[in-house]
Amino acid sequence: GAGVSQSPRYKVAKRGQDVALRCDPISGHVSLFWYQQALGQGPEFLTYFQNEAQLDKSGLPSDRFFAERPEGSVSTLKIQRTQQEDSAVYLCASSLAEGGQPQHFGDGTRLSIL
Amino acid sequence: GENVEQHPSTLSVQEGDSAVIKCTYSDSASNYFPWYKQELGKRPQLIIDIRSNVGEKKDQRIAVTLNKTAKHFSLHITETQPEDSAVYFCAAIPYNNNDMRFGAGTRLTVKP
């Protein structure tokens with residue numbers, strides 16, 4: 001596809017369940033980013049990959065959050081033992097290279113924890 | 001780390017008028033400043049960006065200015081149209097990392 005693809009678009013889970021969110025970046029894009037966007041707020045950085053290497057995970061809010069990109073393409077953000085405060089839109093972005101390059105976003109996954 | 005502040009939080013203009021949104025940043029190492037437009041329930045879309053070696057950039061009705069000394073940058077939209085209505089986010093990235101920091105957003109409403 002031409003753009004960043006994320007799935008599912010919507011996810012409802014009960015508190016305590018584990019969830020997995022998928023991101024398929026633009027083909028050939030080296031860098032991949034995950035953001036969390038709370039209602040009415042700007043996106044907040046979670047983590048960054050360059051190819052398969054996770055170079056920065058300083059934004060992950062707790063050790064319940066885990067991201068991987070094993071083959072340097074598709075990435076998965078996993079949240080274990082979900083809590084209500086995890087409810088947000090999770091956005092994925094990719095860019096051609098690192099260091100101040102335009103980032104292109106997917107539509108996001110809206111996660112609701114009941 | 002970088003801190004980006006954005007003003008105003010809401011802005012209402014008449015169709016045809018201009019709109020200006022201002023942002024300030026704290027980290028002098030920031031060197032890339034994109035602007036995103038986000039419609040309700042949709043992805044942020046990059047509309048224009050500027051690098052620290054440039055003072056101004058224009059693309060049709062949209063322009064961005066950067067003042068490195070004062071650490072602020074602004075988005076200017078001229079001849080606004082109802083379809084310009086959306087939330088606009090500014091952002092900044094330091095040259096030495098990839099942690100893009102966003103402003104809190106400006107909800108622009110263009111009244112027909």
# chains A, B, ... in the order shown; residues from 1 in each chain; ligands from 1

call {"tool": "interface_residues", "arguments": {"of": "chain A", "to": "chain B", "cutoff": "7 Å", "atoms": "only C-alpha atoms", "output": "PyMOL selection string"}}
result
chain A and resi 41-45+98-100+105-108

call {"tool": "residues_around", "arguments": {"residues": "stretch 15-23 of chain B", "least_positions_apart": "6", "cutoff": "7 Å", "atoms": "only C-alpha atoms", "output": "number ranges by chain"}}
result
B: 4-8, 72-82, 90, 110-112

call {"tool": "residues_around", "arguments": {"residues": "stretch 84-89 of chain A", "least_positions_apart": "3", "cutoff": "8 Å", "atoms": "only C-alpha atoms", "output": "number ranges by chain"}}
result
A: 15, 36-39, 108-114

call {"tool": "residues_around", "arguments": {"residues": "A:Phe49", "least_positions_apart": "2", "cutoff": "10 Å", "atoms": "only C-alpha atoms", "output": "PyMOL selection string"}}
result
(chain A and resi 30-34+47+51-57+67-69+72-73+75+94+98) or (chain B and resi 98)

call {"tool": "select_by_dssp", "arguments": {"residues": "chain B", "states": "strand (DSSP E)", "output": "MDAnalysis selection string"}}
result
chainID B and resid 4:7 10:14 19:25 30:38 45:51 56:59 62:67 72:77 86:94 101:102 106:111

call {"tool": "atom_distance", "arguments": {"atom1": "atom CA of A:Val19", "atom2": "atom CA of A:Thr82"}}
result
7.6 Å

call {"tool": "residues_around", "arguments": {"residues": "A:Ser95", "least_positions_apart": "4", "cutoff": "6 Å", "atoms": "only C-alpha atoms", "output": "PyMOL selection string"}}
result
chain A and resi 29+31+102-103

call {"tool": "write_last_selection", "arguments": {"atoms": "N, CA and C atoms", "output": "compact mmCIF listing (two decimals), in the first residue's frame"}}
result
# COMPACT_ATOMS: atom_id res chain seq x y z
N HIS A 29 10.82 2.35 4.14
CA HIS A 29 11.10 3.28 5.23
C HIS A 29 11.89 2.59 6.33
N SER A 31 12.91 4.01 9.29
CA SER A 31 12.56 4.39 10.66
C SER A 31 11.07 4.19 10.93
N PRO A 102 10.68 13.77 7.36
CA PRO A 102 9.22 13.76 7.49
C PRO A 102 8.71 12.40 7.94
N GLN A 103 7.83 12.43 8.94
CA GLN A 103 7.21 11.21 9.43
C GLN A 103 5.77 11.16 8.91

call {"tool": "closest_residue", "arguments": {"among": "B:Leu40, B:Ile62, B:Asp27, B:Leu11", "to": "A:Gly40", "atoms": "only C-alpha atoms"}}
result
B:Leu40

call {"tool": "atom_distance", "arguments": {"atom1": "atom CA of A:Pro61", "atom2": "atom CA of A:Ala93"}}
result
18.5 Å

call {"tool": "atom_distance", "arguments": {"atom1": "atom CA of B:Lys71", "atom2": "atom CA of B:Asp59"}}
result
22.1 Å
